[in-house]
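> Questions regarding the structure given below will be posed in turn.
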Amino acid sequence: MEKTIISEGRTTNEAIEKGLKELRVSKDKVEIKILENEEKRSFFSILTPRVVKVEMKLKEDINEKKEMKTKKIIELSEEEQNKAEENVEVFMEEILKELPEDTTYNITKNGQGLNVEILNKNLGFLIGYRGETLYAFQNILSAIAGKGIDKKVRVILDIEGYKEKREKTLEELAQKVAKTVIKTRKPIKLEPMQAYERKIIHSALQQNNKVETESIGEEPNRRIVVSLRKTK
């Protein structure tokens, strides 16, 4: 998300520090342009307060763009889809032996890969905290599905409807946080989330003209900050 601000101070360093604090980023994340330098003062301005102005612009956030952009669609042939399904079926039949009794699974083909759903109410351990184990398992299934296939096979895994419930929870959280930010006029930093979950928050508030969202930090501690939208 592009941001440009004008920061002032008695010295260049002070102006920059104020700007960095306002943007909540480190110096390497911004482009700095000095608008008024403390050294360029005329004889008649000696008695006036010294003010330095700098323009600070956030550098393009590559990670943010990756989160928000639509991924390139890779179409699989019917033969490739069948091969991917066969790979996952063989693996799942072995995994079922280690899972609680009465666990079942469904596999559906979607053109780009597979949707896999595992059903059993006693699979919390396979979901993990905030879905961490589920996403790790999903990556494993994607690797297994792609064996013998040159193209990347995308597997979307869900366990007992967890993702749908989590998406609804995150959308409700986004709206609640937005209301709090508007009321208090203070930014709120959310806890670290998976890229998939951050995208849900971004999307939920994209049309809100009073707040804006940005991702900060590095994986696996990357998180979203919701703040008041700055008027131009």
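As shown in the structure tokens, the chain order sets the letters A, B, ...; within each chain, residues go from 1, and ligands are also counted from 1 in the order they appear.
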What lies within 8 Å of range 157-168 of chain A using only C-alpha atoms, ignoring chain neighbours under 4 positions off, as a count of residues only?

15

> List every residue of range 56-227 of chain A that DSSP, applied to the backbone, labels as alpha helix (DSSP H), and write the result as a PyMOL selection string.

chain A and resi 62-68+78-96+124-127+132-145+162-184+195-205

> Find, counting only C-alpha atoms, the residue in A:Glu14, A:Asp150, A:Glu55, A:Asp28 that gets nearest to Ser77 in chain A.

A:Asp150

> Between A:Ala178, A:Gly217, A:Gln194, A:Thr169, single out the one closest to Thr133 in chain A, counting only C-alpha atoms.

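Once distances to Thr133 in chain A are computed over only C-alpha atoms, the minimum belongs to A:Gln194.
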
> Per DSSP on the backbone, filter range 90-122 of chain A down to the residues in strand (DSSP E) and report them as a PDB file with N, CA and C atoms, in the first residue's frame.


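Output contents, as saved in states28.pdb:
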```pdb
ATOM      1  N   THR A 104     -13.042 -40.256   7.139  1.00  0.00           N
ATOM      2  CA  THR A 104     -13.219 -40.412   5.693  1.00  0.00           C
ATOM      3  C   THR A 104     -12.622 -39.203   4.974  1.00  0.00           C
ATOM      4  N   TYR A 105     -12.509 -39.300   3.660  1.00  0.00           N
ATOM      5  CA  TYR A 105     -11.995 -38.171   2.890  1.00  0.00           C
ATOM      6  C   TYR A 105     -12.651 -38.133   1.518  1.00  0.00           C
ATOM      7  N   ASN A 106     -12.688 -36.934   0.943  1.00  0.00           N
ATOM      8  CA  ASN A 106     -13.220 -36.733  -0.400  1.00  0.00           C
ATOM      9  C   ASN A 106     -12.178 -35.986  -1.230  1.00  0.00           C
ATOM     10  N   ILE A 107     -12.036 -36.377  -2.483  1.00  0.00           N
ATOM     11  CA  ILE A 107     -11.132 -35.686  -3.407  1.00  0.00           C
ATOM     12  C   ILE A 107     -11.928 -35.240  -4.625  1.00  0.00           C
ATOM     13  N   THR A 108     -11.837 -33.970  -4.958  1.00  0.00           N
ATOM     14  CA  THR A 108     -12.486 -33.471  -6.175  1.00  0.00           C
ATOM     15  C   THR A 108     -11.457 -32.712  -7.004  1.00  0.00           C
ATOM     16  N   LYS A 109     -11.553 -32.849  -8.313  1.00  0.00           N
ATOM     17  CA  LYS A 109     -10.630 -32.168  -9.230  1.00  0.00           C
ATOM     18  C   LYS A 109     -11.212 -30.814  -9.630  1.00  0.00           C
ATOM     19  N   GLY A 113      -5.869 -28.412  -9.839  1.00  0.00           N
ATOM     20  CA  GLY A 113      -5.352 -29.322  -8.825  1.00  0.00           C
ATOM     21  C   GLY A 113      -6.485 -30.084  -8.176  1.00  0.00           C
ATOM     22  N   LEU A 114      -6.386 -30.228  -6.855  1.00  0.00           N
ATOM     23  CA  LEU A 114      -7.370 -31.029  -6.134  1.00  0.00           C
ATOM     24  C   LEU A 114      -7.881 -30.305  -4.895  1.00  0.00           C
ATOM     25  N   ASN A 115      -9.123 -30.573  -4.566  1.00  0.00           N
ATOM     26  CA  ASN A 115      -9.684 -30.181  -3.270  1.00  0.00           C
ATOM     27  C   ASN A 115      -9.804 -31.456  -2.448  1.00  0.00           C
ATOM     28  N   VAL A 116      -9.196 -31.454  -1.281  1.00  0.00           N
ATOM     29  CA  VAL A 116      -9.237 -32.626  -0.414  1.00  0.00           C
ATOM     30  C   VAL A 116      -9.919 -32.240   0.894  1.00  0.00           C
ATOM     31  N   GLU A 117     -10.910 -33.007   1.276  1.00  0.00           N
ATOM     32  CA  GLU A 117     -11.617 -32.751   2.524  1.00  0.00           C
ATOM     33  C   GLU A 117     -11.542 -34.003   3.391  1.00  0.00           C
ATOM     34  N   ILE A 118     -11.089 -33.828   4.627  1.00  0.00           N
ATOM     35  CA  ILE A 118     -11.004 -34.942   5.576  1.00  0.00           C
ATOM     36  C   ILE A 118     -12.075 -34.727   6.635  1.00  0.00           C
ATOM     37  N   LEU A 119     -12.824 -35.772   6.927  1.00  0.00           N
ATOM     38  CA  LEU A 119     -13.970 -35.639   7.823  1.00  0.00           C
ATOM     39  C   LEU A 119     -13.856 -36.530   9.053  1.00  0.00           C
TER      40      LEU A 119
END
```

> With distances taken over only C-alpha atoms, which residue among A:Glu89, A:Glu218, A:Glu101, A:Glu17 lies nearest Leu141 in chain A?

A:Glu89

> Pick the closest to Gln175 in chain A from A:Tyr129, A:Phe137, A:Ile216, A:Ala204: which is it, counting only C-alpha atoms?

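Ranking A:Tyr129, A:Phe137, A:Ile216, A:Ala204 by distance to Gln175 in chain A, first place goes to A:Ala204.
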
> What gap, in Å, lies between CA of Lys199 in chain A and CA of Glu171 in chain A?

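Result for CA of Lys199 in chain A versus CA of Glu171 in chain A: 10.5 Å, one decimal.
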
> Need to verify the contact set: Glu78 in chain A, 10 Å, only C-alpha atoms, exclusion of same-chain residues closer than 4 positions in sequence. Can you return it as a list in words?

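Residues meeting the cut-off are Asn82, Lys83, Ala84, Lys109 and Gly111 of chain A.
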
> Skipping near chain neighbours, those fewer than 2 positions away, what residues fall within 9 Å of Ala143 in chain A using only C-alpha atoms, listed as a list of chain:residue names?

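Residues near the query, excluding close chain neighbours: A:Gln138, A:Asn139, A:Ile140, A:Leu141, A:Ala145, A:Gly146, A:Lys147, A:Lys152, A:Val153, A:Arg154, A:Val155.
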
> Suppose we keep all heavy atoms; can you now write the selection as a PDB file, in the first residue's frame?


```
ATOM      1  N   GLN A 138      -1.204 -29.689   4.096  1.00  0.00           N
ATOM      2  CA  GLN A 138      -1.607 -29.288   2.746  1.00  0.00           C
ATOM      3  C   GLN A 138      -0.390 -29.206   1.822  1.00  0.00           C
ATOM      4  O   GLN A 138      -0.450 -29.626   0.654  1.00  0.00           O
ATOM      5  CB  GLN A 138      -2.314 -27.933   2.803  1.00  0.00           C
ATOM      6  CG  GLN A 138      -2.739 -27.380   1.452  1.00  0.00           C
ATOM      7  CD  GLN A 138      -3.534 -26.096   1.586  1.00  0.00           C
ATOM      8  OE1 GLN A 138      -4.731 -26.111   1.806  1.00  0.00           O
ATOM      9  NE2 GLN A 138      -2.860 -24.963   1.465  1.00  0.00           N
ATOM     10  N   ASN A 139       0.715 -28.669   2.327  1.00  0.00           N
ATOM     11  CA  ASN A 139       1.946 -28.583   1.533  1.00  0.00           C
ATOM     12  C   ASN A 139       2.478 -29.971   1.181  1.00  0.00           C
ATOM     13  O   ASN A 139       2.982 -30.206   0.076  1.00  0.00           O
ATOM     14  CB  ASN A 139       3.013 -27.794   2.288  1.00  0.00           C
ATOM     15  CG  ASN A 139       2.684 -26.313   2.387  1.00  0.00           C
ATOM     16  OD1 ASN A 139       1.951 -25.785   1.557  1.00  0.00           O
ATOM     17  ND2 ASN A 139       3.207 -25.655   3.396  1.00  0.00           N
ATOM     18  N   ILE A 140       2.355 -30.892   2.146  1.00  0.00           N
ATOM     19  CA  ILE A 140       2.799 -32.269   1.907  1.00  0.00           C
ATOM     20  C   ILE A 140       1.958 -32.911   0.799  1.00  0.00           C
ATOM     21  O   ILE A 140       2.478 -33.551  -0.110  1.00  0.00           O
ATOM     22  CB  ILE A 140       2.706 -33.103   3.197  1.00  0.00           C
ATOM     23  CG1 ILE A 140       3.733 -32.602   4.221  1.00  0.00           C
ATOM     24  CG2 ILE A 140       2.927 -34.587   2.900  1.00  0.00           C
ATOM     25  CD1 ILE A 140       3.606 -33.238   5.592  1.00  0.00           C
ATOM     26  N   LEU A 141       0.633 -32.722   0.886  1.00  0.00           N
ATOM     27  CA  LEU A 141      -0.265 -33.287  -0.126  1.00  0.00           C
ATOM     28  C   LEU A 141       0.022 -32.703  -1.508  1.00  0.00           C
ATOM     29  O   LEU A 141      -0.056 -33.408  -2.514  1.00  0.00           O
ATOM     30  CB  LEU A 141      -1.722 -33.029   0.263  1.00  0.00           C
ATOM     31  CG  LEU A 141      -2.280 -33.842   1.433  1.00  0.00           C
ATOM     32  CD1 LEU A 141      -3.731 -33.464   1.693  1.00  0.00           C
ATOM     33  CD2 LEU A 141      -2.165 -35.337   1.165  1.00  0.00           C
ATOM     34  N   ALA A 145       0.926 -34.948  -4.621  1.00  0.00           N
ATOM     35  CA  ALA A 145       0.057 -34.896  -5.803  1.00  0.00           C
ATOM     36  C   ALA A 145       0.850 -34.619  -7.067  1.00  0.00           C
ATOM     37  O   ALA A 145       0.504 -35.092  -8.154  1.00  0.00           O
ATOM     38  CB  ALA A 145      -1.013 -33.821  -5.612  1.00  0.00           C
ATOM     39  N   GLY A 146       1.935 -33.872  -6.964  1.00  0.00           N
ATOM     40  CA  GLY A 146       2.708 -33.465  -8.123  1.00  0.00           C
ATOM     41  C   GLY A 146       3.747 -34.470  -8.593  1.00  0.00           C
ATOM     42  O   GLY A 146       4.460 -34.202  -9.572  1.00  0.00           O
ATOM     43  N   LYS A 147       3.855 -35.625  -7.911  1.00  0.00           N
ATOM     44  CA  LYS A 147       4.840 -36.629  -8.329  1.00  0.00           C
ATOM     45  C   LYS A 147       4.541 -37.135  -9.742  1.00  0.00           C
ATOM     46  O   LYS A 147       3.429 -37.564 -10.039  1.00  0.00           O
ATOM     47  CB  LYS A 147       4.828 -37.802  -7.354  1.00  0.00           C
ATOM     48  CG  LYS A 147       5.484 -37.498  -6.017  1.00  0.00           C
ATOM     49  CD  LYS A 147       5.564 -38.739  -5.144  1.00  0.00           C
ATOM     50  CE  LYS A 147       6.295 -38.444  -3.838  1.00  0.00           C
ATOM     51  NZ  LYS A 147       6.377 -39.653  -2.971  1.00  0.00           N
ATOM     52  N   LYS A 152       2.953 -27.520 -11.622  1.00  0.00           N
ATOM     53  CA  LYS A 152       2.668 -27.438 -10.194  1.00  0.00           C
ATOM     54  C   LYS A 152       1.212 -27.819  -9.946  1.00  0.00           C
ATOM     55  O   LYS A 152       0.295 -27.296 -10.586  1.00  0.00           O
ATOM     56  CB  LYS A 152       2.922 -26.014  -9.688  1.00  0.00           C
ATOM     57  CG  LYS A 152       2.687 -25.871  -8.192  1.00  0.00           C
ATOM     58  CD  LYS A 152       3.027 -24.473  -7.720  1.00  0.00           C
ATOM     59  CE  LYS A 152       2.802 -24.333  -6.217  1.00  0.00           C
ATOM     60  NZ  LYS A 152       3.132 -22.974  -5.725  1.00  0.00           N
ATOM     61  N   VAL A 153       1.001 -28.727  -9.014  1.00  0.00           N
ATOM     62  CA  VAL A 153      -0.348 -29.158  -8.665  1.00  0.00           C
ATOM     63  C   VAL A 153      -0.741 -28.508  -7.343  1.00  0.00           C
ATOM     64  O   VAL A 153      -0.048 -28.654  -6.335  1.00  0.00           O
ATOM     65  CB  VAL A 153      -0.428 -30.691  -8.528  1.00  0.00           C
ATOM     66  CG1 VAL A 153      -1.852 -31.108  -8.154  1.00  0.00           C
ATOM     67  CG2 VAL A 153      -0.007 -31.360  -9.822  1.00  0.00           C
ATOM     68  N   ARG A 154      -1.825 -27.774  -7.357  1.00  0.00           N
ATOM     69  CA  ARG A 154      -2.266 -27.071  -6.159  1.00  0.00           C
ATOM     70  C   ARG A 154      -3.326 -27.897  -5.426  1.00  0.00           C
ATOM     71  O   ARG A 154      -4.371 -28.213  -5.985  1.00  0.00           O
ATOM     72  CB  ARG A 154      -2.846 -25.705  -6.538  1.00  0.00           C
ATOM     73  CG  ARG A 154      -3.170 -24.828  -5.339  1.00  0.00           C
ATOM     74  CD  ARG A 154      -3.795 -23.533  -5.776  1.00  0.00           C
ATOM     75  NE  ARG A 154      -4.069 -22.664  -4.655  1.00  0.00           N
ATOM     76  CZ  ARG A 154      -4.996 -21.716  -4.652  1.00  0.00           C
ATOM     77  NH1 ARG A 154      -5.746 -21.543  -5.721  1.00  0.00           N
ATOM     78  NH2 ARG A 154      -5.183 -20.957  -3.605  1.00  0.00           N
ATOM     79  N   VAL A 155      -3.035 -28.243  -4.200  1.00  0.00           N
ATOM     80  CA  VAL A 155      -3.993 -28.987  -3.379  1.00  0.00           C
ATOM     81  C   VAL A 155      -4.536 -28.074  -2.290  1.00  0.00           C
ATOM     82  O   VAL A 155      -3.770 -27.431  -1.565  1.00  0.00           O
ATOM     83  CB  VAL A 155      -3.333 -30.221  -2.724  1.00  0.00           C
ATOM     84  CG1 VAL A 155      -4.308 -30.889  -1.743  1.00  0.00           C
ATOM     85  CG2 VAL A 155      -2.907 -31.219  -3.795  1.00  0.00           C
TER      86      VAL A 155
END
```

> To one decimal place in Å, what is the distance between CA of Ser227 in chain A and CA of Ser26 in chain A?

17.9 Å

> Given the choices A:Arg10, A:Arg130, A:His202, A:Arg229, which gets closest to Val52 in chain A if the distance is worked out from only C-alpha atoms?

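Checking each candidate against Val52 in chain A, we get A:Arg10 as the closest.
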
> For Lys53 in chain A, which residue out of A:Val226, A:Ile6, A:Val177, A:Ile156 is the nearest one, using only C-alpha atoms?

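The answer is A:Ile6, which sits nearest to Lys53 in chain A.
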
> Which distance in Å separates CA of Thr12 in chain A and CA of Lys59 in chain A, to one decimal?

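CA of Thr12 in chain A sits 19.6 Å away from CA of Lys59 in chain A.
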